[in-house]
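K.L.:
This is the structure I want to talk about, given as C-alpha cells.
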Amino acid sequence: MDFREKIAALKEQKRAVILAHYYTSAEVQQVADFVGDSLALSQKAAGVDADIILFAGVRFMAETAKVLSPDKKVLLPVTEAGCSLADSCDAAELAKARRENPDHLVVSYVNTSVEVKALTDICCTSSNALDIIGALPKDQKILFVPDRNLGSYINRCMERDMKLWNGCCLVHEEFSVEKIAALKALHPKAVVLVHPECKPEVVAMADYAGSTAGILAYCGREDVEEVIVVTESGILYEMESRYPNKKFYLVEPEKSSEKCVSCKDMKLVTLENIYQTLLEESPEVIIDEEIRAAAEGAIRRMLEMS
Ligand code: 13P
Ligand code: SF4
C-alpha cells in the first residue's frame with residue numbers, strides 16, 4: 001500500500017478528516033477532504049462531523065480548529081510549522097498595547113497565535129476583512145494586528161485610520177514591483193492577482209487583490225485567460241485543476257534564486273508525516289481552556305459577521 005491508500009484506510013477507521021490550505025503541496029491537497037482559504041477552513045472546522053481533524057497547514061490554523069472544535073482531537077503533523085506573520089505579534093506586547101490604547105477595539109487577522117486571539121475583540125481573514133471593518137462604526141478606534149500590509153490595504157479601501165501593528169508575512173514580502181512588471185511585459189494580456197499580505201506598492205499593481213479563495217474565483221472569470229499569480233505557489237495546483245485551459249505565471253522572489261515564492265512552513269506537511277500522525281494520533285494540539293474560551297469569542301464574532 002502506498003501512503004495515499006494507508007491514509008485513506010486510517011481516515012475511515014478513525015473517523016478522521018484532513019483539512020488543507022491551498023499553500024500545501026499538490027500531493028497533500030490530493031489526500032485532503034477539504035481544501036480552502038483561512039475563512040473556509042475555520043468554518044469547516046467549526047461544523048465538521050468527525051472524531052479527528054488532521055490539519056495540513058500551519059500551527060495557527062490547527063489552533064483555530066481546536067478552538068472551534070474543542071471536543072475533537074486536532075492533529076498537526078509538524079509541531080514546528082509556524083508562520084512569520086503570527087510570530088510578528090507577541091501576546092505580552094499586545095496586552096501592553098491594549099493597556100495603552102483602552103479606547104481601541106483590537107481586530108486580529110487569523111494569522112495569530114491563540115494567545116493573541118484571546119486578547120482580541122474580533123478576528124478577520126483576508127476574505128472578510130473589508131466586511132468586518134466596514135461593519136464597525138466609522139468613529140470606532142481600531143488597533144489592527146499583526147499585518148501592516150493587510151491593515152494598510154483596508155485603511156486605503158475603507159478610508160479608515162486604523163492603528164497598525166508592524167508585522168508582515170516574510171513570504172509575501174518577497175514579491176517585488178520589478179519582477180511582476182517584467183512578467184507583465186512578457187505577458188501583457190495577463191491579469192495581476194495579488195494577495196493583500198504583499199507590500200502596498202505590489203498591491204497597487206493588482207487587477208484584483210484578495211484572499212486565496214478570492215483569487216481563485218477571479219481566475220474563473222470568462223474574460224480571464226492568463227494570470228500573473230502574486231501569492232504563494234502552492235495555489236497553482238488548485239488553479240490548474242479548476243482551469244486547465246488557462247495560463248498561470250508564477251513570480252520569482254525579489255532576492256533569492258528560487259523559481260517561485262514558497263512558504264517553507266506550509267511545505268513541511270508531507271504524505272509520510274500525515275500517515276504517521278494519523279497512526280499515532282500525535283502531535284495533538286492542546287490549548288489551555290481559559291485561553292481557548294477567550295479566543296473562541298473573537299473567532300465566533302467573526303464567523304457571525306461573515
Ligand atoms: P487566505 O487563504 O485566507 O487568503 O490566507 C493566506 C495565508 O497566508 C494563509 O497563511
Ligand atoms: Fe504565514 Fe505567510 Fe506562510 Fe501564510 S504564507 S503561513 S502568512 S508565513
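All residue names refer to the C-alpha cells as shown: chains lettered A, B, ... in order, residues numbered from 1 in each chain, ligands numbered from 1 in order.
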At most 8 Å is the cut-off: for each residue in stretch 40-105 of chain A with any atom that close to an atom of stretch 113-127 of chain A, write down the nearest atom pair and the distance in Å rounded to one decimal, counting only C-alpha atoms, chain first then increasing number, as CSV.
P.N.:
residue,atom,partner,partner_atom,distance
A:Phe60,CA,A:Ser113,CA,5.6
A:Glu63,CA,A:Val114,CA,6.4
A:Thr64,CA,A:Val114,CA,7.3
A:Ala86,CA,A:Ser113,CA,6.0
A:Asp87,CA,A:Ser113,CA,7.7
A:Cys89,CA,A:Val116,CA,7.5
A:Asp90,CA,A:Val116,CA,7.0
A:Ala91,CA,A:Val116,CA,4.9
A:Leu94,CA,A:Val116,CA,7.1
A:Ala95,CA,A:Leu119,CA,6.9
A:Leu105,CA,A:Asp121,CA,6.3
K.L.:
Take the residues that were just selected and, keeping N, CA, C and O atoms, output them as a tab-separated table (two decimals), in the first residue's frame.
P.N.:
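Below is the file that was written, result-v8.tsv:
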chain	number	residue	atom	x	y	z
A	60	PHE	N	-1.20	28.12	13.54
A	60	PHE	CA	-2.35	28.96	13.92
A	60	PHE	C	-3.65	28.41	13.34
A	60	PHE	O	-4.72	28.58	13.93
A	63	GLU	N	-4.69	25.51	15.57
A	63	GLU	CA	-5.20	26.06	16.83
A	63	GLU	C	-6.63	26.58	16.65
A	63	GLU	O	-7.49	26.37	17.52
A	64	THR	N	-6.88	27.25	15.53
A	64	THR	CA	-8.24	27.77	15.28
A	64	THR	C	-9.24	26.61	15.22
A	64	THR	O	-10.34	26.70	15.78
A	86	ALA	N	2.24	35.36	12.14
A	86	ALA	CA	1.77	35.09	13.51
A	86	ALA	C	2.88	35.39	14.52
A	86	ALA	O	2.62	35.96	15.59
A	87	ASP	N	4.12	35.07	14.15
A	87	ASP	CA	5.25	35.31	15.07
A	87	ASP	C	5.52	36.79	15.27
A	87	ASP	O	6.24	37.17	16.20
A	89	CYS	N	3.56	39.04	16.19
A	89	CYS	CA	2.81	39.64	17.30
A	89	CYS	C	2.87	38.74	18.52
A	89	CYS	O	2.34	37.63	18.51
A	90	ASP	N	3.49	39.25	19.56
A	90	ASP	CA	3.65	38.51	20.80
A	90	ASP	C	2.51	38.91	21.75
A	90	ASP	O	2.15	40.09	21.84
A	91	ALA	N	1.94	37.93	22.46
A	91	ALA	CA	0.77	38.20	23.31
A	91	ALA	C	1.08	39.23	24.42
A	91	ALA	O	0.26	40.10	24.70
A	94	LEU	N	1.02	42.61	22.93
A	94	LEU	CA	-0.35	43.04	22.61
A	94	LEU	C	-1.09	43.43	23.90
A	94	LEU	O	-1.84	44.42	23.90
A	95	ALA	N	-0.86	42.69	24.97
A	95	ALA	CA	-1.51	43.03	26.25
A	95	ALA	C	-1.11	44.45	26.66
A	95	ALA	O	-1.94	45.25	27.12
A	105	LEU	N	-10.57	49.09	19.70
A	105	LEU	CA	-11.02	47.71	19.53
A	105	LEU	C	-9.87	46.96	18.86
A	105	LEU	O	-9.26	47.47	17.91
K.L.:
At most 7 Å is the cut-off: for each residue in chain A with any atom that close to an atom of ligand 2, write down the nearest atom pair and the distance in Å rounded to one decimal, counting only C-alpha atoms and all ligand atoms, chain first then increasing number, as CSV.
P.N.:
residue,atom,partner,partner_atom_place_in_ligand_line,distance
A:Val58,CA,ligand 2,6 (S),6.1
A:Gly82,CA,ligand 2,6 (S),6.9
A:Cys83,CA,ligand 2,1 (Fe),3.7
A:Ser84,CA,ligand 2,8 (S),4.6
A:Leu85,CA,ligand 2,1 (Fe),5.2
A:Ala86,CA,ligand 2,1 (Fe),6.6
A:Asn111,CA,ligand 2,7 (S),6.3
A:Cys169,CA,ligand 2,2 (Fe),4.3
A:Leu170,CA,ligand 2,8 (S),5.9
A:Val171,CA,ligand 2,2 (Fe),5.0
A:His172,CA,ligand 2,2 (Fe),6.1
A:Glu232,CA,ligand 2,5 (S),6.2
A:Cys263,CA,ligand 2,3 (Fe),4.7
A:Asp265,CA,ligand 2,3 (Fe),6.1
A:Met266,CA,ligand 2,3 (Fe),6.2
K.L.:
Atoms to include: N, CA and C atoms. Write the selected residues as a PDB file, in the first residue's frame.
P.N.:
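Final output, saved to out.pdb:
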ATOM      1  N   VAL A  58      -0.446  25.246   8.927  1.00  0.00           N
ATOM      2  CA  VAL A  58       0.482  25.717   9.962  1.00  0.00           C
ATOM      3  C   VAL A  58      -0.245  25.837  11.316  1.00  0.00           C
ATOM      4  N   GLY A  82       5.216  26.904  11.649  1.00  0.00           N
ATOM      5  CA  GLY A  82       4.762  28.187  12.174  1.00  0.00           C
ATOM      6  C   GLY A  82       4.431  29.164  11.066  1.00  0.00           C
ATOM      7  N   CYS A  83       4.419  30.456  11.400  1.00  0.00           N
ATOM      8  CA  CYS A  83       4.042  31.485  10.434  1.00  0.00           C
ATOM      9  C   CYS A  83       4.737  32.774  10.854  1.00  0.00           C
ATOM     10  N   SER A  84       5.509  33.360   9.936  1.00  0.00           N
ATOM     11  CA  SER A  84       6.258  34.571  10.283  1.00  0.00           C
ATOM     12  C   SER A  84       5.314  35.704  10.684  1.00  0.00           C
ATOM     13  N   LEU A  85       4.133  35.722  10.070  1.00  0.00           N
ATOM     14  CA  LEU A  85       3.170  36.777  10.380  1.00  0.00           C
ATOM     15  C   LEU A  85       2.635  36.595  11.807  1.00  0.00           C
ATOM     16  N   ALA A  86       2.241  35.365  12.142  1.00  0.00           N
ATOM     17  CA  ALA A  86       1.771  35.093  13.508  1.00  0.00           C
ATOM     18  C   ALA A  86       2.878  35.390  14.516  1.00  0.00           C
ATOM     19  N   ASN A 111      -4.126  35.020  11.277  1.00  0.00           N
ATOM     20  CA  ASN A 111      -2.720  34.566  11.330  1.00  0.00           C
ATOM     21  C   ASN A 111      -2.072  35.083  12.613  1.00  0.00           C
ATOM     22  N   CYS A 169       4.088  39.109   6.620  1.00  0.00           N
ATOM     23  CA  CYS A 169       4.400  37.751   6.174  1.00  0.00           C
ATOM     24  C   CYS A 169       5.691  37.830   5.362  1.00  0.00           C
ATOM     25  N   LEU A 170       6.720  37.165   5.833  1.00  0.00           N
ATOM     26  CA  LEU A 170       8.016  37.253   5.137  1.00  0.00           C
ATOM     27  C   LEU A 170       7.955  36.595   3.758  1.00  0.00           C
ATOM     28  N   VAL A 171       6.998  35.718   3.554  1.00  0.00           N
ATOM     29  CA  VAL A 171       6.845  35.072   2.239  1.00  0.00           C
ATOM     30  C   VAL A 171       6.274  36.085   1.237  1.00  0.00           C
ATOM     31  N   HIS A 172       5.172  36.721   1.588  1.00  0.00           N
ATOM     32  CA  HIS A 172       4.567  37.686   0.653  1.00  0.00           C
ATOM     33  C   HIS A 172       5.413  38.943   0.478  1.00  0.00           C
ATOM     34  N   GLU A 232       1.454  32.730  -2.710  1.00  0.00           N
ATOM     35  CA  GLU A 232       2.312  31.554  -2.536  1.00  0.00           C
ATOM     36  C   GLU A 232       2.026  30.498  -3.623  1.00  0.00           C
ATOM     37  N   CYS A 263       6.142  29.092   0.811  1.00  0.00           N
ATOM     38  CA  CYS A 263       6.146  29.149   2.275  1.00  0.00           C
ATOM     39  C   CYS A 263       6.694  27.818   2.797  1.00  0.00           C
ATOM     40  N   ASP A 265       7.068  26.670   5.706  1.00  0.00           N
ATOM     41  CA  ASP A 265       6.290  26.061   6.795  1.00  0.00           C
ATOM     42  C   ASP A 265       5.120  25.239   6.247  1.00  0.00           C
ATOM     43  N   MET A 266       4.440  25.772   5.227  1.00  0.00           N
ATOM     44  CA  MET A 266       3.322  25.036   4.623  1.00  0.00           C
ATOM     45  C   MET A 266       3.819  23.749   3.958  1.00  0.00           C
TER      46      MET A 266
END
K.L.:
Please identify all polymer residues within 6 Å of stretch 16-31 of chain A, counting only C-alpha atoms, omitting same-chain residues fewer than 2 positions from it, and present them as a PyMOL selection string.
P.N.:
chain A and resi 11+14+33-36+50-57+234-235+237+266-267
K.L.:
Okay, now the selection with all heavy atoms, as a compact mmCIF listing (two decimals), in the first residue's frame?
P.N.:
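Wrote it out as selection-v9.txt, contents follow:
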# COMPACT_ATOMS: atom_id res chain seq x y z
N LYS A 11 -8.13 7.11 7.80
CA LYS A 11 -9.19 8.13 7.92
C LYS A 11 -10.53 7.45 8.20
O LYS A 11 -11.30 7.88 9.04
CB LYS A 11 -9.31 8.93 6.61
CG LYS A 11 -8.31 10.06 6.51
CD LYS A 11 -8.72 11.12 5.50
CE LYS A 11 -8.97 10.60 4.12
NZ LYS A 11 -9.14 11.67 3.13
N LYS A 14 -10.61 5.71 11.74
CA LYS A 14 -10.58 6.61 12.91
C LYS A 14 -11.58 7.76 12.81
O LYS A 14 -11.56 8.66 13.64
CB LYS A 14 -9.17 7.18 13.08
CG LYS A 14 -8.11 6.09 13.28
CD LYS A 14 -6.82 6.64 13.80
CE LYS A 14 -5.84 5.50 14.06
NZ LYS A 14 -4.88 5.79 15.12
N ASP A 33 -9.76 16.09 2.63
CA ASP A 33 -11.22 16.03 2.43
C ASP A 33 -11.74 17.40 2.07
O ASP A 33 -12.80 17.53 1.45
CB ASP A 33 -11.88 15.57 3.74
CG ASP A 33 -11.44 14.18 4.10
OD1 ASP A 33 -11.98 13.23 3.53
OD2 ASP A 33 -10.50 14.05 4.92
N PHE A 34 -11.01 18.42 2.48
CA PHE A 34 -11.45 19.79 2.19
C PHE A 34 -10.22 20.68 2.08
O PHE A 34 -9.34 20.63 2.94
CB PHE A 34 -12.38 20.29 3.31
CG PHE A 34 -12.92 21.66 3.06
CD1 PHE A 34 -13.98 21.85 2.19
CD2 PHE A 34 -12.35 22.77 3.66
CE1 PHE A 34 -14.48 23.13 1.93
CE2 PHE A 34 -12.84 24.05 3.41
CZ PHE A 34 -13.91 24.22 2.55
N VAL A 35 -10.18 21.48 1.01
CA VAL A 35 -9.07 22.42 0.82
C VAL A 35 -9.71 23.81 0.74
O VAL A 35 -10.72 23.99 0.07
CB VAL A 35 -8.28 22.13 -0.48
CG1 VAL A 35 -7.05 23.03 -0.57
CG2 VAL A 35 -7.85 20.67 -0.55
N GLY A 36 -9.12 24.79 1.43
CA GLY A 36 -9.76 26.10 1.38
C GLY A 36 -8.85 27.22 1.84
O GLY A 36 -7.66 27.00 2.14
N ALA A 50 -16.73 14.55 12.60
CA ALA A 50 -15.58 13.64 12.65
C ALA A 50 -15.09 13.57 14.09
O ALA A 50 -15.45 14.40 14.92
CB ALA A 50 -14.45 14.18 11.76
N ASP A 51 -14.27 12.56 14.38
CA ASP A 51 -13.67 12.47 15.72
C ASP A 51 -12.30 13.14 15.74
O ASP A 51 -11.86 13.62 16.77
CB ASP A 51 -13.52 11.00 16.14
CG ASP A 51 -14.87 10.33 16.28
OD1 ASP A 51 -15.85 11.05 16.59
OD2 ASP A 51 -14.97 9.11 16.04
N ILE A 52 -11.65 13.12 14.57
CA ILE A 52 -10.29 13.66 14.49
C ILE A 52 -10.23 14.64 13.31
O ILE A 52 -10.73 14.34 12.22
CB ILE A 52 -9.26 12.53 14.26
CG1 ILE A 52 -9.20 11.61 15.49
CG2 ILE A 52 -7.87 13.09 13.94
CD1 ILE A 52 -8.23 10.43 15.34
N ILE A 53 -9.60 15.80 13.55
CA ILE A 53 -9.28 16.71 12.43
C ILE A 53 -7.76 16.72 12.31
O ILE A 53 -7.06 17.07 13.27
CB ILE A 53 -9.76 18.16 12.71
CG1 ILE A 53 -11.28 18.22 12.84
CG2 ILE A 53 -9.26 19.11 11.61
CD1 ILE A 53 -11.81 19.60 13.27
N LEU A 54 -7.26 16.33 11.16
CA LEU A 54 -5.82 16.49 10.92
C LEU A 54 -5.67 17.75 10.08
O LEU A 54 -6.28 17.87 9.01
CB LEU A 54 -5.22 15.29 10.20
CG LEU A 54 -3.70 15.43 9.98
CD1 LEU A 54 -2.98 14.11 10.20
CD2 LEU A 54 -3.36 16.02 8.63
N PHE A 55 -4.89 18.69 10.59
CA PHE A 55 -4.76 19.96 9.89
C PHE A 55 -3.47 19.98 9.08
O PHE A 55 -2.37 19.96 9.63
CB PHE A 55 -4.80 21.15 10.86
CG PHE A 55 -5.49 22.31 10.21
CD1 PHE A 55 -6.77 22.66 10.55
CD2 PHE A 55 -4.86 23.00 9.18
CE1 PHE A 55 -7.43 23.68 9.89
CE2 PHE A 55 -5.50 24.03 8.52
CZ PHE A 55 -6.79 24.37 8.88
N ALA A 56 -3.64 19.99 7.75
CA ALA A 56 -2.48 20.12 6.87
C ALA A 56 -2.30 21.61 6.59
O ALA A 56 -2.94 22.18 5.72
CB ALA A 56 -2.72 19.33 5.58
N GLY A 57 -1.44 22.21 7.40
CA GLY A 57 -1.24 23.65 7.31
C GLY A 57 -0.27 24.04 8.40
O GLY A 57 0.61 23.25 8.77
N GLY A 234 1.85 27.27 -3.91
CA GLY A 234 1.04 26.06 -3.74
C GLY A 234 -0.34 26.20 -4.36
O GLY A 234 -0.97 25.21 -4.76
N ILE A 235 -0.82 27.43 -4.50
CA ILE A 235 -2.16 27.67 -5.05
C ILE A 235 -2.26 27.24 -6.52
O ILE A 235 -3.35 27.01 -7.04
CB ILE A 235 -2.54 29.17 -4.88
CG1 ILE A 235 -4.06 29.37 -4.99
CG2 ILE A 235 -1.79 30.05 -5.86
CD1 ILE A 235 -4.54 30.74 -4.60
N TYR A 237 -1.69 24.49 -7.87
CA TYR A 237 -2.31 23.16 -8.05
C TYR A 237 -3.83 23.31 -8.23
O TYR A 237 -4.41 22.75 -9.16
CB TYR A 237 -2.00 22.25 -6.85
CG TYR A 237 -2.78 20.96 -6.91
CD1 TYR A 237 -2.52 20.01 -7.89
CD2 TYR A 237 -3.83 20.72 -6.03
CE1 TYR A 237 -3.28 18.84 -7.98
CE2 TYR A 237 -4.59 19.57 -6.10
CZ TYR A 237 -4.31 18.64 -7.07
OH TYR A 237 -5.06 17.49 -7.17
N MET A 266 4.44 25.77 5.23
CA MET A 266 3.32 25.04 4.62
C MET A 266 3.82 23.75 3.96
O MET A 266 3.09 22.76 3.89
CB MET A 266 2.63 25.90 3.57
CG MET A 266 1.80 27.02 4.16
SD MET A 266 0.24 26.34 4.79
CE MET A 266 -0.60 27.85 5.24
N LYS A 267 5.05 23.79 3.48
CA LYS A 267 5.58 22.62 2.75
C LYS A 267 6.17 21.57 3.68
O LYS A 267 6.66 20.54 3.22
CB LYS A 267 6.64 23.09 1.73
CG LYS A 267 6.11 24.10 0.70
CD LYS A 267 4.99 23.53 -0.16
CE LYS A 267 4.59 24.44 -1.30
NZ LYS A 267 3.76 25.60 -0.91
K.L.:
Counting only C-alpha atoms, what is within 9 Å of stretch 150-157 of chain A, bar same-chain residues fewer than 2 positions away, as a PyMOL selection string?
P.N.:
chain A and resi 109+126+129-130+133+144-148+159-165+168+195-200+203
K.L.:
Please write the residues from the selection above to a file, keeping N, CA and C atoms, as an mmCIF file, in the first residue's frame.
P.N.:
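Below is the file that was written, out01.cif:
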data_model
loop_
_atom_site.group_PDB
_atom_site.id
_atom_site.type_symbol
_atom_site.label_atom_id
_atom_site.label_comp_id
_atom_site.auth_asym_id
_atom_site.auth_seq_id
_atom_site.Cartn_x
_atom_site.Cartn_y
_atom_site.Cartn_z
ATOM 1 N N TYR A 109 -6.068 39.659 12.482
ATOM 2 C CA TYR A 109 -6.045 38.718 11.366
ATOM 3 C C TYR A 109 -5.936 37.315 11.976
ATOM 4 N N SER A 126 -8.454 37.458 5.229
ATOM 5 C CA SER A 126 -8.393 38.363 4.078
ATOM 6 C C SER A 126 -9.669 38.261 3.238
ATOM 7 N N ALA A 129 -12.143 40.702 5.690
ATOM 8 C CA ALA A 129 -11.610 41.860 6.431
ATOM 9 C C ALA A 129 -12.369 43.153 6.099
ATOM 10 N N LEU A 130 -12.657 43.371 4.811
ATOM 11 C CA LEU A 130 -13.329 44.624 4.433
ATOM 12 C C LEU A 130 -14.748 44.658 5.010
ATOM 13 N N ILE A 133 -14.479 45.195 8.984
ATOM 14 C CA ILE A 133 -14.136 46.578 9.347
ATOM 15 C C ILE A 133 -15.270 47.519 8.916
ATOM 16 N N PHE A 144 -5.248 47.282 14.549
ATOM 17 C CA PHE A 144 -5.275 46.125 13.645
ATOM 18 C C PHE A 144 -3.957 45.359 13.775
ATOM 19 N N VAL A 145 -4.101 44.046 14.028
ATOM 20 C CA VAL A 145 -2.956 43.184 14.375
ATOM 21 C C VAL A 145 -2.950 41.948 13.470
ATOM 22 N N PRO A 146 -1.827 41.380 13.045
ATOM 23 C CA PRO A 146 -0.479 41.931 13.099
ATOM 24 C C PRO A 146 0.014 42.411 11.733
ATOM 25 N N ASP A 147 -0.817 42.294 10.665
ATOM 26 C CA ASP A 147 -0.284 42.507 9.307
ATOM 27 C C ASP A 147 -0.408 43.969 8.868
ATOM 28 N N ARG A 148 0.735 44.661 8.827
ATOM 29 C CA ARG A 148 0.699 46.079 8.417
ATOM 30 C C ARG A 148 0.270 46.217 6.951
ATOM 31 N N GLU A 159 -11.127 53.949 3.667
ATOM 32 C CA GLU A 159 -10.859 55.292 4.195
ATOM 33 C C GLU A 159 -10.909 55.297 5.720
ATOM 34 N N ARG A 160 -10.188 54.355 6.311
ATOM 35 C CA ARG A 160 -10.089 54.267 7.770
ATOM 36 C C ARG A 160 -8.694 54.709 8.189
ATOM 37 N N ASP A 161 -8.550 54.858 9.490
ATOM 38 C CA ASP A 161 -7.262 55.271 10.026
ATOM 39 C C ASP A 161 -6.880 54.323 11.164
ATOM 40 N N MET A 162 -6.975 53.032 10.894
ATOM 41 C CA MET A 162 -6.685 52.059 11.956
ATOM 42 C C MET A 162 -5.213 52.164 12.343
ATOM 43 N N LYS A 163 -4.952 51.964 13.611
ATOM 44 C CA LYS A 163 -3.563 51.879 14.084
ATOM 45 C C LYS A 163 -3.062 50.482 13.698
ATOM 46 N N LEU A 164 -1.870 50.403 13.095
ATOM 47 C CA LEU A 164 -1.405 49.120 12.564
ATOM 48 C C LEU A 164 -0.232 48.557 13.366
ATOM 49 N N TRP A 165 -0.320 47.282 13.672
ATOM 50 C CA TRP A 165 0.818 46.556 14.239
ATOM 51 C C TRP A 165 1.872 46.433 13.143
ATOM 52 N N CYS A 168 4.459 41.419 9.407
ATOM 53 C CA CYS A 168 4.251 41.068 7.987
ATOM 54 C C CYS A 168 4.547 39.597 7.767
ATOM 55 N N HIS A 195 -2.286 38.843 -3.381
ATOM 56 C CA HIS A 195 -2.767 38.681 -2.001
ATOM 57 C C HIS A 195 -2.448 39.967 -1.229
ATOM 58 N N PRO A 196 -3.391 40.455 -0.415
ATOM 59 C CA PRO A 196 -3.138 41.733 0.288
ATOM 60 C C PRO A 196 -2.081 41.652 1.385
ATOM 61 N N GLU A 197 -1.486 40.476 1.614
ATOM 62 C CA GLU A 197 -0.338 40.410 2.530
ATOM 63 C C GLU A 197 0.926 40.983 1.867
ATOM 64 N N CYS A 198 0.841 41.299 0.556
ATOM 65 C CA CYS A 198 2.006 41.866 -0.149
ATOM 66 C C CYS A 198 2.163 43.353 0.198
ATOM 67 N N LYS A 199 3.356 43.884 -0.123
ATOM 68 C CA LYS A 199 3.640 45.303 0.156
ATOM 69 C C LYS A 199 2.670 46.213 -0.628
ATOM 70 N N PRO A 200 2.377 47.416 -0.114
ATOM 71 C CA PRO A 200 1.409 48.299 -0.780
ATOM 72 C C PRO A 200 1.734 48.576 -2.250
ATOM 73 N N VAL A 203 0.553 45.573 -4.149
ATOM 74 C CA VAL A 203 -0.918 45.535 -4.208
ATOM 75 C C VAL A 203 -1.431 46.581 -5.211
#
K.L.:
Quick one: distance from atom CA of A:Asn128 to atom CA of A:Ile286 in Å, one decimal?
P.N.:
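Distance between the two atoms: 27.5 Å.
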K.L.:
Neighbouring residues of ligand 1 are defined here as those with any atom at most 6 Å from a ligand atom, counting only C-alpha atoms and all ligand atoms; list them as a ChimeraX atom specification.
P.N.:
/A:37-39,125-126,211-212
K.L.:
Print the selection's residues with all heavy atoms to a file, as a short mmCIF file (atom, residue, chain, number, x, y, z; two decimals), in the first residue's frame.
P.N.:
data_model
loop_
_atom_site.label_atom_id
_atom_site.label_comp_id
_atom_site.auth_asym_id
_atom_site.auth_seq_id
_atom_site.Cartn_x
_atom_site.Cartn_y
_atom_site.Cartn_z
N ASP A 37 -9.42 28.42 1.88
CA ASP A 37 -8.69 29.56 2.43
C ASP A 37 -8.92 29.57 3.96
O ASP A 37 -9.65 28.72 4.49
CB ASP A 37 -9.10 30.88 1.76
CG ASP A 37 -10.49 31.37 2.14
OD1 ASP A 37 -11.27 30.61 2.75
OD2 ASP A 37 -10.82 32.53 1.82
N SER A 38 -8.33 30.52 4.64
CA SER A 38 -8.39 30.51 6.10
C SER A 38 -9.83 30.59 6.62
O SER A 38 -10.17 29.93 7.60
CB SER A 38 -7.60 31.69 6.68
OG SER A 38 -6.32 31.72 6.14
N LEU A 39 -10.67 31.40 5.97
CA LEU A 39 -12.05 31.54 6.43
C LEU A 39 -12.81 30.23 6.24
O LEU A 39 -13.44 29.71 7.18
CB LEU A 39 -12.76 32.67 5.69
CG LEU A 39 -14.24 32.85 6.07
CD1 LEU A 39 -14.39 33.20 7.55
CD2 LEU A 39 -14.91 33.91 5.22
N THR A 125 -10.26 37.47 8.37
CA THR A 125 -9.34 36.85 7.42
C THR A 125 -9.26 37.79 6.22
O THR A 125 -10.00 38.80 6.16
CB THR A 125 -9.85 35.47 6.93
OG1 THR A 125 -10.91 35.69 6.00
CG2 THR A 125 -10.33 34.59 8.07
N SER A 126 -8.45 37.46 5.23
CA SER A 126 -8.39 38.36 4.08
C SER A 126 -9.67 38.26 3.24
O SER A 126 -9.95 39.14 2.44
CB SER A 126 -7.14 38.11 3.24
OG SER A 126 -6.86 36.76 3.18
N SER A 211 -8.16 37.31 -0.94
CA SER A 211 -7.70 36.07 -0.32
C SER A 211 -7.44 35.01 -1.38
O SER A 211 -7.77 35.19 -2.56
CB SER A 211 -8.81 35.55 0.61
OG SER A 211 -9.88 35.09 -0.17
N THR A 212 -6.89 33.89 -0.96
CA THR A 212 -6.63 32.81 -1.92
C THR A 212 -7.94 32.37 -2.60
O THR A 212 -7.96 32.15 -3.80
CB THR A 212 -5.95 31.62 -1.22
OG1 THR A 212 -6.69 31.27 -0.05
CG2 THR A 212 -4.52 31.94 -0.83
#
K.L.:
Given the choices A:Glu258, A:Glu80, A:Glu12, A:Asp2, which gets closest to A:Arg59 if the distance is worked out from only C-alpha atoms?
P.N.:
A:Glu80
K.L.:
Could you pull out the residues in stretch 65-151 of chain A that DSSP calls strand (DSSP E) from the backbone, as an MDAnalysis selection string?
P.N.:
chainID A and resid 73:75 105:109 122:124 142:145
K.L.:
Give me, please, the distance in Å between atom CA of A:Lys96 and atom CA of A:Ala293, quoted to one decimal.
P.N.:
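Atom-to-atom, atom CA of A:Lys96 and atom CA of A:Ala293 are spaced 20.8 Å apart.
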K.L.:
Atom CA of A:Ala206 to atom CA of A:Ile180: how many Å, to one decimal?
P.N.:
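Value for the atom CA of A:Ala206-atom CA of A:Ile180 distance: 10.0 Å.
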K.L.:
Just list as a VMD selection string whatever in stretch 53-261 of chain A DSSP marks as helix (DSSP H, G or I).
P.N.:
chain A and resid 59 to 68 84 to 87 91 to 100 114 to 117 129 to 134 148 to 158 172 to 174 177 to 186 200 to 203 212 to 219 233 to 242
K.L.:
Which residue, A:Leu10, A:Ile215, A:Leu303, A:Leu183, has the smallest gap to A:Glu238 when you use only C-alpha atoms?
P.N.:
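So, comparing all the options, the nearest one is A:Ile215.
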K.L.:
Closest to A:Ser257 among A:Pro77, A:Ala209, A:Glu174, A:Ile132, using only C-alpha atoms?
P.N.:
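Among the listed residues, A:Glu174 lies closest to A:Ser257.
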K.L.:
With distances taken over only C-alpha atoms, which of A:Gln13, A:Ser42, A:Ser256, A:Asn245 is nearest to A:Ser306?
P.N.:
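Ranking A:Gln13, A:Ser42, A:Ser256, A:Asn245 by distance to A:Ser306, first place goes to A:Ser42.
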